[in-house]
>>> print(open('final.txt').read())   # compact mmCIF, C-alpha atoms
# COMPACT_ATOMS: atom_id res chain seq x y z
CA MET A 1 0.00 0.00 0.00
CA PRO A 2 1.21 3.56 -0.63
CA SER A 3 2.94 5.14 2.33
CA LYS A 4 1.64 8.22 4.06
CA GLY A 5 3.27 11.58 3.60
CA ASP A 6 4.47 13.58 0.65
CA GLY A 7 7.93 14.67 1.80
CA GLN A 8 11.19 13.90 0.04
CA LYS A 9 13.28 11.70 2.32
CA GLN A 10 17.03 12.00 2.50
CA MET A 11 18.69 9.71 -0.05
CA THR A 12 21.29 7.21 1.10
CA THR A 13 24.71 7.02 -0.51
CA ARG A 14 23.67 3.92 -2.45
CA GLU A 15 20.50 5.62 -3.69
CA GLU A 16 22.50 8.67 -4.75
CA LYS A 17 24.89 6.43 -6.71
CA ILE A 18 21.96 4.62 -8.34
CA LYS A 19 20.38 7.88 -9.43
CA SER A 20 23.66 9.37 -10.64
CA THR A 21 24.44 6.31 -12.78
CA TYR A 22 20.92 6.18 -14.13
CA ASP A 23 20.85 9.88 -15.02
CA GLU A 24 24.17 9.56 -16.88
CA GLN A 25 23.69 6.22 -18.64
CA GLY A 26 19.90 5.98 -18.90
CA TYR A 27 19.76 2.47 -17.48
CA LEU A 28 20.66 0.19 -14.58
CA THR A 29 21.12 -3.55 -14.73
CA SER A 30 21.74 -6.67 -12.63
CA LEU A 31 19.82 -5.34 -9.63
CA SER A 32 18.85 -8.21 -7.30
CA ILE A 33 15.17 -8.07 -6.34
CA LEU A 34 13.63 -11.47 -5.55
CA SER A 35 14.76 -14.05 -3.04
CA GLU A 36 15.09 -17.62 -4.25
CA ALA A 37 11.77 -18.54 -2.61
CA GLU A 38 10.00 -15.52 -4.13
CA LEU A 39 11.40 -16.36 -7.55
CA GLN A 40 10.24 -19.96 -7.35
CA ASP A 41 6.75 -18.84 -6.33
CA ALA A 42 6.55 -16.41 -9.25
CA GLN A 43 7.82 -18.99 -11.73
CA GLN A 44 5.26 -21.52 -10.51
CA ALA A 45 2.44 -18.99 -10.73
CA PHE A 46 3.46 -18.03 -14.26
CA GLN A 47 3.61 -21.69 -15.24
CA GLU A 48 -0.04 -22.00 -14.22
CA LEU A 49 -0.89 -19.13 -16.58
CA GLU A 50 1.02 -20.88 -19.37
CA LYS A 51 -1.00 -24.04 -18.80
CA LYS A 52 -4.25 -22.08 -18.79
CA HIS A 53 -3.66 -19.82 -21.79
CA GLY A 54 -0.96 -21.51 -23.90
CA GLU A 55 2.41 -20.15 -24.98
CA ALA A 56 1.07 -18.34 -28.04
CA TYR A 57 -0.93 -16.15 -25.65
CA THR A 58 1.54 -15.81 -22.79
CA GLN A 59 4.28 -14.71 -25.20
CA TYR A 60 2.92 -11.14 -25.24
CA SER A 61 -0.76 -10.95 -24.26
CA LEU A 62 -0.66 -11.04 -20.46
CA HIS A 63 -1.24 -7.31 -20.22
CA ASN A 64 -2.03 -5.42 -16.98
CA ILE A 65 -2.96 -8.54 -15.07
CA HIS A 66 -1.58 -6.96 -11.89
CA LEU A 67 -5.16 -5.91 -11.13
CA GLN A 68 -6.40 -9.52 -11.30
CA HIS A 69 -3.58 -11.45 -9.63
CA LYS A 70 -2.19 -10.52 -6.23
CA TRP A 71 1.12 -12.27 -6.88
CA VAL A 72 1.67 -10.08 -9.93
CA MET A 73 0.85 -6.93 -7.95
CA ASP A 74 3.27 -8.10 -5.27
CA LEU A 75 6.02 -8.27 -7.89
CA ALA A 76 5.20 -4.78 -9.16
CA GLN A 77 5.45 -3.27 -5.67
CA HIS A 78 8.20 -5.46 -4.24
CA PRO A 79 10.08 -3.48 -1.57
CA ASN A 80 13.44 -3.93 -3.29
CA LEU A 81 12.00 -2.70 -6.57
CA LEU A 82 10.27 0.28 -4.94
CA LYS A 83 13.53 1.37 -3.30
CA VAL A 84 14.97 1.85 -6.78
CA MET A 85 11.85 3.53 -8.18
CA THR A 86 11.62 6.05 -5.35
CA ALA A 87 15.34 6.79 -5.67
CA LEU A 88 14.79 7.62 -9.35
CA LEU A 89 11.31 9.18 -9.31
CA GLY A 90 10.87 10.46 -5.79
CA PRO A 91 8.50 9.21 -3.09
CA ASN A 92 5.25 9.43 -5.07
CA VAL A 93 5.09 6.74 -7.73
CA ILE A 94 2.38 5.38 -10.04
CA LEU A 95 2.42 1.98 -11.72
CA LEU A 96 1.45 2.93 -15.27
CA ASP A 97 1.30 -0.39 -17.11
CA SER A 98 2.56 -3.97 -16.96
CA ARG A 99 3.05 -6.90 -19.30
CA PHE A 100 4.74 -10.30 -19.30
CA ILE A 101 6.97 -10.85 -22.33
CA CYS A 102 8.35 -14.26 -23.23
CA LYS A 103 10.66 -15.37 -26.00
CA TYR A 104 10.18 -19.10 -26.23
CA PRO A 105 13.00 -21.45 -27.30
CA ILE A 106 13.50 -22.69 -30.83
CA VAL A 107 12.22 -26.23 -31.32
CA ASN A 108 14.84 -28.75 -32.41
CA LEU A 109 17.57 -26.14 -32.65
CA GLU A 110 20.35 -28.70 -33.01
CA GLN A 111 18.56 -30.38 -35.92
CA ARG A 112 17.99 -27.10 -37.75
CA GLY A 113 21.52 -25.80 -37.21
CA SER A 114 22.62 -23.57 -40.06
CA GLU A 115 19.05 -23.13 -41.28
CA ILE A 116 18.50 -20.60 -38.49
CA ASN A 117 19.35 -17.04 -39.44
CA PRO A 118 18.33 -13.49 -38.42
CA GLU A 119 15.88 -13.26 -41.33
CA SER A 120 13.87 -16.31 -40.30
CA GLY A 121 11.11 -14.32 -38.61
CA LEU A 122 11.88 -15.46 -35.08
CA PRO A 123 10.48 -13.01 -32.50
CA TYR A 124 12.81 -10.11 -31.73
CA VAL A 125 12.46 -6.50 -30.60
CA ALA A 126 13.77 -3.82 -32.97
CA TRP A 127 15.76 -0.76 -31.91
CA HIS A 128 13.26 1.71 -30.46
CA GLN A 129 12.41 4.14 -27.66
CA ASP A 130 9.49 3.41 -25.34
CA MET A 131 8.39 7.05 -25.33
CA ARG A 132 7.51 6.72 -29.01
CA TYR A 133 4.46 4.77 -27.81
CA TRP A 134 3.64 6.41 -24.48
CA GLY A 135 1.50 9.54 -24.49
CA VAL A 136 2.86 10.90 -21.21
CA ALA A 137 4.43 14.25 -20.29
CA GLY A 138 5.39 15.99 -17.06
CA GLY A 139 8.02 13.47 -16.05
CA PRO A 140 9.96 10.42 -17.20
CA VAL A 141 8.56 6.95 -17.84
CA ILE A 142 10.77 4.24 -16.36
CA SER A 143 10.64 0.68 -17.70
CA VAL A 144 11.56 -2.33 -15.59
CA TRP A 145 12.40 -5.84 -16.77
CA LEU A 146 12.11 -8.24 -13.83
CA ALA A 147 13.58 -11.53 -14.98
CA LEU A 148 11.69 -14.76 -14.30
CA ASP A 149 14.32 -16.59 -16.38
CA ASP A 150 18.01 -15.98 -16.93
CA ALA A 151 18.50 -13.50 -19.77
CA THR A 152 21.59 -14.21 -21.88
CA LYS A 153 23.03 -13.25 -25.25
CA GLU A 154 21.82 -16.59 -26.62
CA ASN A 155 18.19 -16.15 -25.57
CA GLY A 156 17.90 -12.50 -26.53
CA ALA A 157 18.80 -10.35 -23.52
CA LEU A 158 18.24 -6.60 -23.57
CA GLN A 159 20.72 -4.42 -25.46
CA VAL A 160 20.99 -0.67 -24.82
CA ILE A 161 22.80 2.34 -26.24
CA PRO A 162 24.15 4.10 -23.11
CA GLY A 163 23.43 7.82 -22.96
CA SER A 164 21.01 7.77 -25.90
CA HIS A 165 18.21 8.96 -23.62
CA LYS A 166 19.79 12.43 -23.83
CA CYS A 167 19.34 12.65 -27.61
CA GLY A 168 15.59 13.29 -27.74
CA MET A 169 13.11 11.36 -29.86
CA PHE A 170 14.56 9.44 -32.80
CA LEU A 171 12.79 8.90 -36.11
CA HIS A 172 10.84 5.62 -36.14
CA GLN A 173 9.63 3.79 -39.23
CA GLN A 174 7.93 0.51 -40.09
CA ALA A 175 10.29 -2.39 -39.43
CA VAL A 176 11.70 -4.08 -42.51
CA ARG A 177 12.59 -7.39 -40.90
CA PHE A 178 9.75 -9.80 -40.12
CA GLY A 179 9.18 -10.93 -36.51
CA ASN A 180 9.30 -7.62 -34.62
CA MET A 181 7.38 -8.08 -31.34
CA LEU A 182 6.54 -4.39 -31.01
CA THR A 183 2.78 -3.99 -31.39
CA VAL A 184 3.05 -1.16 -33.92
CA ASN A 185 5.97 -2.86 -35.73
CA GLN A 186 8.24 0.19 -35.70
CA GLU A 187 11.98 0.59 -35.50
CA ILE A 188 14.65 3.27 -35.53
CA PRO A 189 16.44 3.15 -38.92
CA SER A 190 19.74 1.30 -38.61
CA GLU A 191 21.74 4.26 -39.90
CA LEU A 192 20.63 6.27 -36.85
CA VAL A 193 21.69 3.66 -34.28
CA ASN A 194 25.30 3.43 -33.15
CA SER A 195 25.00 -0.31 -32.68
CA GLU A 196 28.75 -0.63 -32.09
CA ASP A 197 28.11 1.16 -28.79
CA ALA A 198 25.45 -1.33 -27.72
CA VAL A 199 25.79 -2.90 -24.28
CA LEU A 200 24.28 -6.29 -23.49
CA CYS A 201 22.37 -6.52 -20.17
CA PRO A 202 22.33 -10.18 -19.10
CA LEU A 203 20.32 -10.97 -16.00
CA SER A 204 19.98 -13.85 -13.60
CA ALA A 205 16.42 -14.85 -12.78
CA GLY A 206 15.22 -12.64 -9.92
CA GLN A 207 17.26 -9.64 -11.05
CA MET A 208 15.98 -6.58 -12.90
CA SER A 209 17.11 -3.96 -15.35
CA VAL A 210 15.71 -0.43 -15.49
CA HIS A 211 15.77 2.03 -18.38
CA ASP A 212 14.57 5.50 -19.30
CA GLY A 213 11.72 5.87 -21.78
CA PHE A 214 13.99 7.69 -24.23
CA LEU A 215 16.82 5.11 -24.09
CA VAL A 216 17.41 3.36 -27.42
CA HIS A 217 17.21 -0.38 -26.86
CA ALA A 218 16.45 -3.71 -28.55
CA SER A 219 16.75 -7.45 -28.11
CA ASP A 220 17.63 -10.23 -30.54
CA ALA A 221 15.74 -13.42 -31.23
CA ASN A 222 16.01 -16.34 -28.83
CA MET A 223 18.51 -18.64 -30.53
CA SER A 224 18.72 -21.03 -27.59
CA GLN A 225 16.61 -23.83 -26.19
CA LYS A 226 15.80 -21.88 -23.03
CA ARG A 227 12.83 -19.57 -22.46
CA ARG A 228 13.44 -15.89 -21.70
CA CYS A 229 10.52 -14.51 -19.71
CA GLY A 230 10.27 -11.23 -17.87
CA PHE A 231 7.76 -8.98 -16.16
CA VAL A 232 7.82 -5.53 -17.77
CA VAL A 233 6.47 -2.68 -15.66
CA ARG A 234 6.31 1.05 -16.36
CA TYR A 235 6.39 3.64 -13.59
CA VAL A 236 5.93 7.42 -13.46
CA SER A 237 5.95 10.12 -10.81
CA THR A 238 2.55 11.42 -9.79
CA SER A 239 3.48 14.72 -11.50
CA ALA A 240 3.31 13.03 -14.92
CA PHE A 241 0.13 13.29 -16.97
CA PRO A 242 -1.39 11.74 -20.11
CA ILE A 243 -1.42 13.80 -23.30
CA ASP A 244 -3.70 13.71 -26.32
CA ASP A 245 -1.23 12.74 -29.04
CA PRO A 246 -2.67 10.99 -32.12
CA ASP A 247 0.77 9.52 -32.83
CA ARG A 248 0.88 8.00 -29.36
CA PRO A 249 -2.68 6.96 -28.53
CA ARG A 250 -2.78 5.25 -25.17
CA LYS A 251 -5.43 4.56 -22.58
CA PHE A 252 -4.33 4.12 -18.98
CA GLN A 253 -6.95 1.88 -17.42
CA SER A 254 -4.83 -0.04 -14.91
CA THR A 255 -2.84 2.65 -13.10
CA VAL A 256 -2.13 2.17 -9.39
CA LEU A 257 -0.56 4.50 -6.82
CA ILE A 258 2.09 2.28 -5.25
CA SER A 259 4.14 4.75 -3.23
CA GLY A 260 3.48 8.00 -1.41
CA THR A 261 0.51 10.25 -2.13
CA ASP A 262 -1.00 11.76 -5.28
CA ARG A 263 -1.94 15.42 -5.06
CA PHE A 264 -2.23 15.78 -8.84
CA ASN A 265 -4.76 13.03 -9.66
CA HIS A 266 -3.75 12.91 -13.32
CA PHE A 267 -4.32 9.15 -13.36
CA MET A 268 -7.11 7.15 -11.77
CA ASN A 269 -6.06 4.88 -8.92
CA HIS A 270 -7.39 1.39 -9.69
CA PRO A 271 -7.47 -0.78 -6.56
CA PRO A 272 -6.08 -4.26 -7.27
CA ARG A 273 -7.62 -7.44 -5.97
CA THR A 274 -6.39 -8.51 -2.56
CA SER A 275 -6.59 -12.26 -3.14
>>> encode(input="final.txt", output="structure tokens")
Amino acid sequence: MPSKGDGQKQMTTREEKIKSTYDEQGYLTSLSILSEAELQDAQQAFQELEKKHGEAYTQYSLHNIHLQHKWVMDLAQHPNLLKVMTALLGPNVILLDSRFICKYPIVNLEQRGSEINPESGLPYVAWHQDMRYWGVAGGPVISVWLALDDATKENGALQVIPGSHKCGMFLHQQAVRFGNMLTVNQEIPSELVNSEDAVLCPLSAGQMSVHDGFLVHASDANMSQKRRCGFVVRYVSTSAFPIDDPDRPRKFQSTVLISGTDRFNHFMNHPPRTS
């Protein structure tokens, strides 16, 4: 539940370092969040959703289920996660949106061998900026990837261009390569991305990465036989507000105040289920 009070608490040395690094680079990675027991519980709960809905659905369609499932809401407001969010956004934080994203393993990879190539249409995420799709102003949008599985180079871990969040909005166009998981199938043209500066962000299950909404990032196809699943959550300060932008149409129907108080009331507070 959100805490009482609206004052800015004194930041610790660790929190100051986290914020300084984030402001300079536009991302943080390999932050430990879940205990082993918490991770196992989350993995088991997600497995039940896979059994119920099937992998074709759970790959990308488990959207904003934090309002329906307490265990999902518990992940989104985990104390270790909130410590990072409040260090970056201040004490008053809104959960804007959430989604599980899974890249499932290639079937019979060893048998296919050299037949597998980047043009095969395997699911990937093109170079993009999240703010291209989020109609929000008045403050940053922060994206979290909380890993339910290990994220490696082989199974398509996040790649980022450090410092690119300072460059404003890049041109986006329709993706040329088939298999882009982005709903609107857009990408930043390759000639605008300094891909040689890309940094891979591998994670162990239970860890998270965090990135700014303007950070240029992508992830390759899963070329392994291991699933890569993560819980993606977006957070904003209560000072942020939705804007009417036809290029970024977005409805915010699952927002939740998860820390502090909201004196602005730009977003509705949707109470999640408690069981």
>>> atom_distance(input="final.txt", atom1="CA of Lys226 in chain A", atom2="CA of Glu50 in chain A")
15.3 Å
>>> residues_around(input="final.txt", residues="Gln174 in chain A", least_positions_apart="2", cutoff="7 Å", atoms="all atoms listed in the file", output="list of chain:residue names")
A:Val176, A:Asn185, A:Gln186, A:Glu187
>>> atom_distance(input="final.txt", atom1="CA of Gly139 in chain A", atom2="CA of Ala151 in chain A")
29.2 Å
>>> residues_around(input="final.txt", residues="Leu200 in chain A", least_positions_apart="2", cutoff="9 Å", atoms="only C-alpha atoms", output="list in words")
Thr152, Lys153, Ala157, Leu158, Gln159, Val160, Ala198, Pro202 and Ser219 of chain A
>>> residues_around(input="final.txt", residues="Tyr133 in chain A", least_positions_apart="3", cutoff="10 Å", atoms="only C-alpha atoms", output="VMD selection string")
chain A and resid 128 to 130 136 182 to 184 186 213 245 247 to 250
>>> closest_atom_pairs(input="final.txt", of="range 84-181 of chain A", to="range 68-77 of chain A", cutoff="12 Å", atoms="all atoms listed in the file", output="CSV")
residue,atom,partner,partner_atom,distance
A:Val84,CA,A:Gln77,CA,10.9
A:Met85,CA,A:Gln77,CA,9.7
A:Thr86,CA,A:Gln77,CA,11.2
A:Val93,CA,A:Gln77,CA,10.2
A:Ile94,CA,A:Gln77,CA,10.2
A:Leu95,CA,A:Ala76,CA,7.7
A:Leu96,CA,A:Ala76,CA,10.5
A:Asp97,CA,A:Ala76,CA,9.9
A:Ser98,CA,A:Ala76,CA,8.3
A:Arg99,CA,A:Val72,CA,10.0
A:Phe100,CA,A:Val72,CA,9.9
A:Ser143,CA,A:Ala76,CA,11.5
A:Val144,CA,A:Ala76,CA,9.4
A:Trp145,CA,A:Ala76,CA,10.5
A:Leu146,CA,A:Leu75,CA,8.5
A:Ala147,CA,A:Leu75,CA,10.9
A:Leu148,CA,A:Leu75,CA,10.7
>>> closest_residue(input="final.txt", among="A:Ser204, A:Ser35, A:Ser237, A:Ser20", to="Ser259 in chain A", atoms="only C-alpha atoms")
A:Ser237
>>> atom_distance(input="final.txt", atom1="CA of Thr58 in chain A", atom2="CA of Ile101 in chain A")
7.4 Å
>>> build_atoms(input="final.txt", residues="range 62-85 of chain A", atoms="N, CA and C atoms", output="mmCIF file, in the frame of the given file")
data_model
loop_
_atom_site.group_PDB
_atom_site.id
_atom_site.type_symbol
_atom_site.label_atom_id
_atom_site.label_comp_id
_atom_site.auth_asym_id
_atom_site.auth_seq_id
_atom_site.Cartn_x
_atom_site.Cartn_y
_atom_site.Cartn_z
ATOM 1 N N LEU A 62 -0.317 -11.186 -21.869
ATOM 2 C CA LEU A 62 -0.660 -11.040 -20.460
ATOM 3 C C LEU A 62 -0.398 -9.595 -20.055
ATOM 4 N N HIS A 63 -1.382 -8.753 -20.336
ATOM 5 C CA HIS A 63 -1.240 -7.310 -20.220
ATOM 6 C C HIS A 63 -2.041 -6.787 -19.035
ATOM 7 N N ASN A 64 -1.389 -6.060 -18.148
ATOM 8 C CA ASN A 64 -2.030 -5.420 -16.980
ATOM 9 C C ASN A 64 -2.824 -6.396 -16.118
ATOM 10 N N ILE A 65 -2.267 -7.577 -15.920
ATOM 11 C CA ILE A 65 -2.960 -8.540 -15.070
ATOM 12 C C ILE A 65 -2.611 -8.328 -13.592
ATOM 13 N N HIS A 66 -1.861 -7.261 -13.296
ATOM 14 C CA HIS A 66 -1.580 -6.960 -11.890
ATOM 15 C C HIS A 66 -2.841 -6.613 -11.111
ATOM 16 N N LEU A 67 -3.899 -6.211 -11.814
ATOM 17 C CA LEU A 67 -5.160 -5.910 -11.130
ATOM 18 C C LEU A 67 -5.956 -7.175 -10.803
ATOM 19 N N GLN A 68 -5.654 -8.265 -11.496
ATOM 20 C CA GLN A 68 -6.400 -9.520 -11.300
ATOM 21 C C GLN A 68 -5.676 -10.529 -10.417
ATOM 22 N N HIS A 69 -4.364 -10.431 -10.345
ATOM 23 C CA HIS A 69 -3.580 -11.450 -9.630
ATOM 24 C C HIS A 69 -2.708 -10.775 -8.564
ATOM 25 N N LYS A 70 -2.944 -11.133 -7.332
ATOM 26 C CA LYS A 70 -2.190 -10.520 -6.230
ATOM 27 C C LYS A 70 -0.698 -10.778 -6.356
ATOM 28 N N TRP A 71 -0.304 -11.968 -6.794
ATOM 29 C CA TRP A 71 1.120 -12.270 -6.880
ATOM 30 C C TRP A 71 1.818 -11.379 -7.902
ATOM 31 N N VAL A 72 1.089 -10.981 -8.942
ATOM 32 C CA VAL A 72 1.670 -10.080 -9.930
ATOM 33 C C VAL A 72 1.812 -8.671 -9.336
ATOM 34 N N MET A 73 0.774 -8.225 -8.616
ATOM 35 C CA MET A 73 0.850 -6.930 -7.950
ATOM 36 C C MET A 73 1.980 -6.909 -6.936
ATOM 37 N N ASP A 74 2.187 -8.023 -6.241
ATOM 38 C CA ASP A 74 3.270 -8.100 -5.270
ATOM 39 C C ASP A 74 4.636 -7.932 -5.935
ATOM 40 N N LEU A 75 4.781 -8.473 -7.149
ATOM 41 C CA LEU A 75 6.020 -8.270 -7.890
ATOM 42 C C LEU A 75 6.202 -6.795 -8.229
ATOM 43 N N ALA A 76 5.127 -6.165 -8.688
ATOM 44 C CA ALA A 76 5.200 -4.780 -9.160
ATOM 45 C C ALA A 76 5.498 -3.791 -8.036
ATOM 46 N N GLN A 77 5.173 -4.163 -6.793
ATOM 47 C CA GLN A 77 5.450 -3.270 -5.670
ATOM 48 C C GLN A 77 6.372 -3.937 -4.644
ATOM 49 N N HIS A 78 7.244 -4.815 -5.137
ATOM 50 C CA HIS A 78 8.200 -5.460 -4.240
ATOM 51 C C HIS A 78 9.064 -4.389 -3.568
ATOM 52 N N PRO A 79 9.309 -4.509 -2.280
ATOM 53 C CA PRO A 79 10.080 -3.480 -1.570
ATOM 54 C C PRO A 79 11.434 -3.165 -2.187
ATOM 55 N N ASN A 80 12.138 -4.184 -2.673
ATOM 56 C CA ASN A 80 13.440 -3.930 -3.290
ATOM 57 C C ASN A 80 13.314 -3.154 -4.588
ATOM 58 N N LEU A 81 12.249 -3.429 -5.321
ATOM 59 C CA LEU A 81 12.000 -2.700 -6.570
ATOM 60 C C LEU A 81 11.606 -1.254 -6.268
ATOM 61 N N LEU A 82 10.740 -1.073 -5.271
ATOM 62 C CA LEU A 82 10.270 0.280 -4.940
ATOM 63 C C LEU A 82 11.398 1.164 -4.413
ATOM 64 N N LYS A 83 12.385 0.573 -3.764
ATOM 65 C CA LYS A 83 13.530 1.370 -3.300
ATOM 66 C C LYS A 83 14.227 2.036 -4.485
ATOM 67 N N VAL A 84 14.334 1.305 -5.582
ATOM 68 C CA VAL A 84 14.970 1.850 -6.780
ATOM 69 C C VAL A 84 14.065 2.896 -7.428
ATOM 70 N N MET A 85 12.763 2.593 -7.535
ATOM 71 C CA MET A 85 11.850 3.530 -8.180
ATOM 72 C C MET A 85 11.771 4.852 -7.433
#
